[in-house]
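Content type PDB, C-alpha atoms, from the file target03.pdb:
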```pdb
ATOM      1  CA  MET A 214       0.000   0.000   0.000
ATOM      2  CA  PHE A 215       2.809   2.416   0.906
ATOM      3  CA  SER A 216       4.497   1.831  -2.456
ATOM      4  CA  ASP A 217       1.157   2.506  -4.175
ATOM      5  CA  ILE A 218       0.875   5.824  -2.343
ATOM      6  CA  LEU A 219       4.408   6.756  -3.312
ATOM      7  CA  SER A 220       3.790   5.934  -6.945
ATOM      8  CA  HIS A 221       0.576   7.974  -6.900
ATOM      9  CA  ASN A 222       2.393  10.934  -5.338
ATOM     10  CA  ASP A 223       5.175  10.608  -7.894
ATOM     11  CA  ARG A 224       2.656  10.644 -10.729
ATOM     12  CA  MET A 225       0.920  13.648  -9.232
ATOM     13  CA  SER A 226       4.240  15.489  -8.932
ATOM     14  CA  VAL A 227       5.031  14.784 -12.587
ATOM     15  CA  HIS A 228       1.553  15.869 -13.692
ATOM     16  CA  PHE A 229       1.769  18.980 -11.533
ATOM     17  CA  PHE A 230       5.167  19.909 -12.975
ATOM     18  CA  ILE A 231       4.107  19.295 -16.573
ATOM     19  CA  GLY A 232       0.827  21.190 -16.142
ATOM     20  CA  ASN A 233       2.537  24.184 -14.596
ATOM     21  CA  ALA A 234       5.352  24.150 -17.159
ATOM     22  CA  ILE A 235       2.835  24.230 -20.004
ATOM     23  CA  GLY A 236       0.773  26.878 -18.216
ATOM     24  CA  PHE A 237       3.869  28.994 -17.623
ATOM     25  CA  PHE A 238       4.906  29.015 -21.272
ATOM     26  CA  VAL A 239       1.345  29.639 -22.450
ATOM     27  CA  PHE A 240       1.154  32.573 -20.025
ATOM     28  CA  LEU A 241       4.432  34.059 -21.300
ATOM     29  CA  PHE A 242       3.466  33.663 -24.952
ATOM     30  CA  VAL A 243      -0.064  35.039 -24.676
ATOM     31  CA  PHE A 244       0.984  37.948 -22.466
ATOM     32  CA  TRP A 245       3.788  38.858 -24.890
ATOM     33  CA  LYS A 246       1.570  38.456 -27.965
ATOM     34  CA  ARG A 247      -1.114  40.709 -26.494
ATOM     35  CA  LEU A 248       1.299  43.525 -25.622
ATOM     36  CA  LYS A 249       4.070  43.229 -28.212
ATOM     37  CA  GLU A 250       2.564  45.871 -30.513
ATOM     38  CA  ASP A 251       2.711  48.584 -27.839
ATOM     39  CA  TYR A 252       5.733  47.678 -25.731
ATOM     40  CA  ILE A 253       9.187  46.295 -26.396
ATOM     41  CA  SER A 254       9.713  42.618 -25.592
ATOM     42  CA  SER A 255      12.033  43.298 -22.652
ATOM     43  CA  GLN A 256       9.320  45.329 -20.908
ATOM     44  CA  VAL A 257       6.683  42.658 -21.480
ATOM     45  CA  PHE A 258       8.874  39.779 -20.332
ATOM     46  CA  SER A 259      10.221  41.719 -17.341
ATOM     47  CA  THR A 260       6.649  42.357 -16.230
ATOM     48  CA  SER A 261       5.627  38.744 -16.827
ATOM     49  CA  PHE A 262       8.587  37.422 -14.834
ATOM     50  CA  SER A 263       7.770  39.865 -12.017
ATOM     51  CA  ILE A 264       4.274  38.407 -11.954
ATOM     52  CA  VAL A 265       5.539  34.811 -11.977
ATOM     53  CA  LEU A 266       8.066  35.622  -9.239
ATOM     54  CA  GLY A 267       5.268  37.155  -7.169
ATOM     55  CA  ILE A 268       3.173  34.010  -7.628
ATOM     56  CA  ILE A 269       6.069  31.757  -6.580
ATOM     57  CA  LEU A 270       7.075  33.794  -3.524
ATOM     58  CA  PHE A 271       3.561  34.208  -2.162
ATOM     59  CA  ASN A 272       2.792  30.543  -2.836
ATOM     60  CA  ILE A 273       5.842  29.519  -0.829
ATOM     61  CA  LEU A 274       4.558  31.637   2.062
ATOM     62  CA  ALA A 275       1.103  30.141   1.670
ATOM     63  CA  ARG A 276       2.409  26.563   1.655
ATOM     64  CA  ILE A 277       4.276  27.247   4.906
ATOM     65  CA  PHE A 278       1.736  29.279   6.860
ATOM     66  CA  PHE A 279      -1.736  28.866   5.293
ATOM     67  CA  PRO A 280      -1.791  26.115   2.633
ATOM     68  CA  THR A 281      -5.509  26.376   1.808
ATOM     69  CA  TRP A 282      -5.008  29.982   0.713
ATOM     70  CA  TRP A 283      -2.742  29.220  -2.290
ATOM     71  CA  PHE A 284      -5.186  30.756  -4.785
ATOM     72  CA  TRP A 285      -5.346  34.059  -2.920
ATOM     73  CA  ALA A 286      -1.587  33.981  -2.371
ATOM     74  CA  SER A 287      -1.225  33.645  -6.143
ATOM     75  CA  PHE A 288      -3.712  36.494  -6.601
ATOM     76  CA  VAL A 289      -1.653  38.776  -4.342
ATOM     77  CA  GLY A 290       1.506  37.683  -6.156
ATOM     78  CA  VAL A 291      -0.055  38.599  -9.495
ATOM     79  CA  LEU A 292      -1.085  41.998  -8.154
ATOM     80  CA  ALA A 293       2.399  42.629  -6.789
ATOM     81  CA  GLY A 294       4.104  41.777 -10.078
ATOM     82  CA  PHE A 295       1.474  43.726 -11.997
ATOM     83  CA  VAL A 296       2.073  46.859  -9.921
ATOM     84  CA  VAL A 297       5.849  46.508 -10.360
ATOM     85  CA  GLY A 298       5.382  46.408 -14.133
ATOM     86  CA  LEU A 299       3.014  49.368 -14.123
ATOM     87  CA  LEU A 300       5.343  51.539 -12.076
ATOM     88  CA  ARG A 301       8.532  50.481 -13.823
ATOM     89  CA  PHE A 302       7.389  50.666 -17.443
ATOM     90  CA  LYS A 303       4.343  52.977 -17.234
ATOM     91  CA  LEU A 304       2.062  50.332 -18.696
ATOM     92  CA  ARG A 305      -1.545  51.190 -19.449
ATOM     93  CA  VAL A 306      -3.719  49.615 -16.749
ATOM     94  CA  LEU A 307      -6.732  48.327 -18.684
ATOM     95  CA  GLU A 308      -4.714  47.113 -21.644
ATOM     96  CA  THR A 309      -2.384  45.176 -19.349
ATOM     97  CA  ILE A 310      -5.299  43.705 -17.368
ATOM     98  CA  GLN A 311      -6.773  42.464 -20.651
ATOM     99  CA  ALA A 312      -3.545  40.703 -21.581
ATOM    100  CA  LEU A 313      -2.924  39.426 -18.049
ATOM    101  CA  LEU A 314      -6.340  37.830 -17.630
ATOM    102  CA  ILE A 315      -6.401  35.906 -20.901
ATOM    103  CA  ALA A 316      -2.806  34.792 -20.272
ATOM    104  CA  LEU A 317      -3.485  33.552 -16.724
ATOM    105  CA  LEU A 318      -6.782  31.732 -17.299
ATOM    106  CA  PRO A 319      -5.293  28.834 -19.324
ATOM    107  CA  TRP A 320      -2.694  28.316 -16.593
ATOM    108  CA  LEU A 321      -5.413  28.129 -13.939
ATOM    109  CA  GLY A 322      -7.530  25.853 -16.122
ATOM    110  CA  LEU A 323      -4.600  23.474 -16.536
ATOM    111  CA  ASN A 324      -4.045  23.385 -12.760
ATOM    112  CA  TYR A 325      -7.655  22.361 -12.181
ATOM    113  CA  LEU A 326      -7.448  19.788 -14.965
ATOM    114  CA  VAL A 327      -4.239  18.230 -13.603
ATOM    115  CA  HIS A 328      -5.816  17.934 -10.162
ATOM    116  CA  ALA A 329      -8.983  16.445 -11.665
ATOM    117  CA  ILE A 330      -7.069  13.810 -13.625
ATOM    118  CA  GLY A 331      -4.633  12.946 -10.836
ATOM    119  CA  ASN A 332      -7.333  12.619  -8.170
ATOM    120  CA  SER A 333     -10.355  11.600 -10.268
ATOM    121  CA  ASN A 334     -12.005  14.744  -8.902
ATOM    122  CA  LEU A 335     -15.235  15.768 -10.633
ATOM    123  CA  ILE A 336     -15.354  19.179  -8.929
ATOM    124  CA  SER A 337     -11.892  20.095 -10.197
ATOM    125  CA  PHE A 338     -12.866  18.916 -13.684
ATOM    126  CA  LEU A 339     -15.970  21.133 -13.632
ATOM    127  CA  ALA A 340     -13.841  24.025 -12.358
ATOM    128  CA  SER A 341     -11.448  23.490 -15.268
ATOM    129  CA  MET A 342     -14.321  23.428 -17.773
ATOM    130  CA  THR A 343     -15.688  26.629 -16.242
ATOM    131  CA  VAL A 344     -12.346  28.357 -16.763
ATOM    132  CA  TRP A 345     -12.221  27.248 -20.423
ATOM    133  CA  LEU A 346     -15.792  28.491 -20.914
ATOM    134  CA  LEU A 347     -14.754  31.827 -19.445
ATOM    135  CA  ILE A 348     -11.903  31.978 -21.946
ATOM    136  CA  GLY A 349     -14.489  31.452 -24.702
ATOM    137  CA  PHE A 350     -16.666  34.163 -23.145
ATOM    138  CA  TYR A 351     -13.699  36.544 -23.084
ATOM    139  CA  LEU A 352     -12.846  35.932 -26.734
ATOM    140  CA  LEU A 353     -16.481  36.290 -27.796
ATOM    141  CA  VAL A 354     -16.967  39.562 -25.922
ATOM    142  CA  GLU A 355     -13.626  40.903 -27.136
ATOM    143  CA  ALA A 356     -14.659  40.271 -30.738
ATOM    144  CA  HIS A 357     -17.995  42.063 -30.409
ATOM    145  CA  TYR A 358     -17.896  44.600 -27.555
ATOM    146  CA  LYS A 359     -17.401  47.592 -29.874
ATOM    147  CA  ARG A 360     -20.755  46.772 -31.487
ATOM    148  CA  PHE A 361     -22.617  47.234 -28.206
ATOM    149  CA  THR A 362     -24.634  50.417 -28.756
ATOM    150  CA  TRP A 363     -24.917  50.992 -25.005
ATOM    151  CA  TYR A 364     -21.149  50.840 -24.539
ATOM    152  CA  GLN A 365     -20.498  54.564 -24.776
ATOM    153  CA  SER A 366     -16.745  54.666 -24.339
ATOM    154  CA  GLY A 367     -15.753  51.810 -26.634
ATOM    155  CA  LYS A 368     -12.490  51.641 -24.708
ATOM    156  CA  ILE A 369     -10.385  48.521 -24.315
ATOM    157  CA  GLY A 370     -10.832  46.709 -21.032
ATOM    158  CA  PHE A 371     -14.480  45.681 -21.256
ATOM    159  CA  SER A 372     -13.908  41.981 -21.950
ATOM    160  CA  GLY A 373     -11.193  41.677 -19.303
ATOM    161  CA  LEU A 374     -13.154  43.361 -16.522
ATOM    162  CA  ALA A 375     -16.373  41.533 -17.423
ATOM    163  CA  THR A 376     -14.657  38.136 -17.468
ATOM    164  CA  ALA A 377     -12.776  38.771 -14.216
ATOM    165  CA  GLY A 378     -15.952  39.940 -12.496
ATOM    166  CA  LEU A 379     -17.868  36.908 -13.749
ATOM    167  CA  PHE A 380     -15.079  34.569 -12.643
ATOM    168  CA  PHE A 381     -15.124  35.815  -9.050
ATOM    169  CA  LEU A 382     -18.923  35.981  -9.000
ATOM    170  CA  ILE A 383     -19.023  32.287  -9.963
ATOM    171  CA  ARG A 384     -16.469  31.527  -7.225
ATOM    172  CA  ALA A 385     -18.550  33.386  -4.652
ATOM    173  CA  THR A 386     -21.760  31.623  -5.712
ATOM    174  CA  VAL A 387     -20.241  28.128  -5.740
ATOM    175  CA  ALA A 388     -18.495  28.738  -2.399
ATOM    176  CA  VAL A 389     -21.861  29.402  -0.734
ATOM    177  CA  PHE A 390     -22.914  25.808  -1.438
ATOM    178  CA  MET A 391     -19.625  23.888  -1.327
ATOM    179  CA  ASN A 392     -16.089  24.298   0.003
ATOM    180  CA  ASP A 393     -14.310  21.301  -1.493
ATOM    181  CA  VAL A 394     -12.897  23.072  -4.542
ATOM    182  CA  ILE A 395      -9.096  23.001  -4.248
ATOM    183  CA  SER A 396      -8.666  26.757  -4.659
ATOM    184  CA  PHE A 397     -11.241  27.749  -2.020
ATOM    185  CA  SER A 398      -9.960  29.139   1.252
ATOM    186  CA  GLY A 399     -12.819  28.028   3.515
ATOM    187  CA  LYS A 400     -15.738  29.873   5.085
ATOM    188  CA  SER A 401     -14.359  33.273   4.082
ATOM    189  CA  GLU A 402     -14.276  32.362   0.378
ATOM    190  CA  PRO A 403     -17.778  33.639  -0.569
ATOM    191  CA  TYR A 404     -17.074  37.045   0.977
ATOM    192  CA  LEU A 405     -13.599  37.462  -0.499
ATOM    193  CA  SER A 406     -14.685  36.445  -3.986
ATOM    194  CA  ALA A 407     -17.800  38.615  -3.776
ATOM    195  CA  VAL A 408     -15.763  41.673  -2.799
ATOM    196  CA  VAL A 409     -13.296  41.166  -5.656
ATOM    197  CA  ALA A 410     -16.166  40.570  -8.096
ATOM    198  CA  PHE A 411     -17.775  43.816  -6.907
ATOM    199  CA  VAL A 412     -14.529  45.725  -7.493
ATOM    200  CA  PHE A 413     -14.239  44.422 -11.055
ATOM    201  CA  PHE A 414     -17.888  45.123 -11.846
ATOM    202  CA  LEU A 415     -17.591  48.601 -10.339
ATOM    203  CA  ALA A 416     -14.597  49.271 -12.603
ATOM    204  CA  LEU A 417     -16.613  47.913 -15.534
ATOM    205  CA  PHE A 418     -19.564  50.159 -14.678
ATOM    206  CA  ASN A 419     -17.250  53.147 -14.577
ATOM    207  CA  LEU A 420     -15.753  52.155 -17.935
ATOM    208  CA  VAL A 421     -19.162  51.684 -19.566
ATOM    209  CA  GLY A 422     -20.310  55.112 -18.425
ATOM    210  CA  ARG A 423     -17.154  56.922 -19.546
ATOM    211  CA  ARG A 424     -17.469  58.706 -22.864
ATOM    212  CA  THR A 425     -14.630  58.822 -25.333
TER     213      THR A 425
END
```

Take the structure I supplied and represent it as structure tokens, if you would.
Amino acid sequence: MFSDILSHNDRMSVHFFIGNAIGFFVFLFVFWKRLKEDYISSQVFSTSFSIVLGIILFNILARIFFPTWWFWASFVGVLAGFVVGLLRFKLRVLETIQALLIALLPWLGLNYLVHAIGNSNLISFLASMTVWLLIGFYLLVEAHYKRFTWYQSGKIGFSGLATAGLFFLIRATVAVFMNDVISFSGKSEPYLSAVVAFVFFLALFNLVGRRT
């Protein structure tokens, strides 16, 4: 039995490494592709590595002190790296958020999928499918948002803010009824996700009402 557990853990470690390696390179490529027309490659990659470094450092802290909070540790790490890039290279906020979101979602979706496969976990599989559906939602909205007659500003950022708000709203809703999703932090999850969703939707409301 002990050897079976070891072999299972070894397989999980390999799957986890492969999933994160693929997610990392997808993140770098998509983030660079989205911003390469407006910024030089060194600025884009410096910002992306700041974000990845933030994710790694805050995840290490989370694993040591509060392991169930790894998602929110990653979220703080992303924010930290994002702010570093904004301050260092004077990046445009909404444009960078757009690129950051669509670059990070595949990485998160792969993490859920790896956990689902390695543990035969239906909830993680559904979480992964939800992330991929959100990617489809993002791409659909991005292709058509300028046609929305009620969208007065027409500015970039709509699809990113809408998708981010929807993502955290889904997290908040699901967390009310269940807590066994691997990225949930416990009883505080519905409130945290709801607050972040509100912030994104508030930013979206402000963007929709802003005239060009």

I'd like to know which of A:Gly378, A:Gly290, A:Gly298, A:Gly331 is closest to Ser406 in chain A, using all atoms listed in the file.
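Under the stated criterion, the closest residue is A:Gly378.
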
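Distance annotation: of A:Phe380, A:Ile310, A:Gly236, A:Ala316, the residue with the minimal separation from Val344 in chain A is A:Phe380; atom set is all atoms listed in the file.
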
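Ranking A:Phe414, A:Phe397, A:Phe338, A:Trp320 by their shortest atom-to-atom distance to Val239 in chain A, with all atoms listed in the file included, puts A:Trp320 first.
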
Which residues come within 10 Å of Gln311 in chain A, counting all atoms listed in the file, excluding same-chain residues fewer than 5 positions away, as a list in words?
Phe244, Arg247, Leu248, Val306, Ala316, Tyr351, Glu355, Ile369, Gly370, Phe371, Ser372, Gly373, Leu374, Thr376 and Ala377 of chain A

Given only C-alpha atoms as the counted atoms, nearest of A:Tyr252, A:Phe278, A:Tyr325, A:Phe361 to Gly232 in chain A
A:Tyr325

Quick one: which residues end up in the PyMOL selection byres ((chain A and resi 254-257) around 10) for this structure, as a list of chain:residue names?
A:Leu241, A:Phe244, A:Trp245, A:Lys246, A:Arg247, A:Leu248, A:Lys249, A:Glu250, A:Asp251, A:Tyr252, A:Ile253, A:Phe258, A:Ser259, A:Thr260, A:Ser261, A:Phe262, A:Ser263, A:Gly298, A:Arg301, A:Phe302, A:Lys303, A:Leu304, A:Thr309

Minimum-distance residue to Ala407 in chain A, chosen among A:Leu314, A:Val243, A:Ala286, A:Ala388 (using all atoms listed in the file)
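The shortest atom-to-atom distance to Ala407 in chain A comes from A:Ala388.
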
Work out how far apart CA of Ile330 in chain A and CA of Phe350 in chain A are and give it in Å to one decimal.
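Computing the Euclidean distance for CA of Ile330 in chain A and CA of Phe350 in chain A yields 24.4 Å.
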
In Å, with one decimal, what is the gap from CA of Val412 in chain A to CA of Leu379 in chain A?
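For CA of Val412 in chain A relative to CA of Leu379 in chain A, the distance reads 11.3 Å.
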
Check the smallest atom-to-atom distance from each of A:Leu318, A:Ser398, A:Lys368, A:Leu405 to Leu347 in chain A using only C-alpha atoms, then report the winner.
A:Leu318

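Atom to atom, CA of Leu317 in chain A and CA of Phe240 in chain A stand 5.8 Å apart.
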
Evaluate the PyMOL selection byres ((chain A and resi 275) around 12) against this structure - the residues, as a PyMOL selection string, please.
chain A and resi 268-274+276-290+398

Determine the residue set returned by the PyMOL selection byres ((chain A and resi 327) around 12) for the present structure, and present it as a ChimeraX atom specification.
/A:224-236,320-326,328-335,337-338,340-341,395

Centre and edges of the range 344-359 of chain A box, axis-aligned, 4 Å extra per side, as AutoDock Vina command-line options:
```
--center_x -14.9 --center_y 37.4 --center_z -23.8 --size_x 14.1 --size_y 28.3 --size_z 22.0
```
